[in-house]
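Everything below concerns the one structure shown next.
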Amino acid sequence: MKCLLVLLSGFEISDGIMTHLLVRNGLVREANPLVESLVREGDFLLLKVIGALLCALLLWCLYKRFRKVSLIVTSSAVVFYGAVITWNLGIFLTGLSPI
């Protein structure tokens, strides 16, 4: 479980960094207006790191009580963020906008 939580936190933070770079460089446009304003103002990365750590802490506390549920939720989130990271990395490396 600890490895999954570290992986999830890393994926979430990586997603924040890539989103920040892609939006700032004009390669993509953030669909969520609230998130877009946070990315442009610079508070997005701080909130993403804090959110990732709080999420990991919450899932760890949940794991102590409901092992199977927390493993399923954490594993699903890792797969989801893995797909998001792969998508963002493809855009980042090719410089092509999906829009």
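Lettering and numbering for the structure tokens are positional, with chains as A, B, ... in the shown order, residues counted from 1 in each chain, and ligands counted from 1 in the shown order.
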Open item on the list: Could you pull out the helix (DSSP H, G or I) residues of region 23-89 of chain A, going by DSSP on the backbone, and write them as JSON, numbers by chain?
Closed with: {"A": [23, 24, 33, 34, 35, 36, 37, 38, 39, 40, 41, 44, 45, 46, 47, 48, 49, 50, 51, 52, 53, 54, 55, 56, 57, 58, 59, 60, 61, 62, 63, 64, 65, 67, 68, 69, 70, 71, 72, 73, 74, 75, 76, 77, 78, 79, 80, 81, 82, 83, 84, 85, 86, 87, 88, 89]}
Open item on the list: Using Å and a single decimal, report how far CA of Ala56 (chain A) sits from CA of Glu36 (chain A).
Closed with: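 So the answer is 24.2 Å.
The two atoms in question, CA of Val23 (chain A) and CA of Leu58 (chain A), are spaced 29.2 Å apart.
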- [ ] Pick out the residues sitting within 12 Å of Leu57 (chain A), and hand them over as a PyMOL selection string; count only C-alpha atoms, and ignore anything fewer than 3 positions along from it in its own chain.
- [x] chain A and resi 1-2+5-6+8-9+50-54+60-64+70+74
- [ ] Provide the CA of Val28 (chain A) to CA of Val73 (chain A) distance in Å, to one decimal place.
- [x]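 We find that CA of Val28 (chain A) and CA of Val73 (chain A) lie 28.8 Å from each other.
Using only C-alpha atoms, the residues found no farther than 12 Å from Glu30 (chain A), other than those of its own chain fewer than 2 positions away, are Gly16, Met18, Thr19, His20, Leu21, Leu22, Val23, Arg24, Asn25, Gly26, Leu27, Val28, Asn32, Pro33, Leu34, Val35, Glu36, Ser37, Leu38, Val39, Arg40, Ser97, Pro98 and Ile99 of chain A.
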TODO: Compare A:Val79, A:Phe92, A:Asp15, A:Leu59 by their minimum atom-to-atom distance to Phe44 (chain A), counting only C-alpha atoms, and give me the closest one.
DONE: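 Result for the nearest residue to Phe44 (chain A): A:Asp15.
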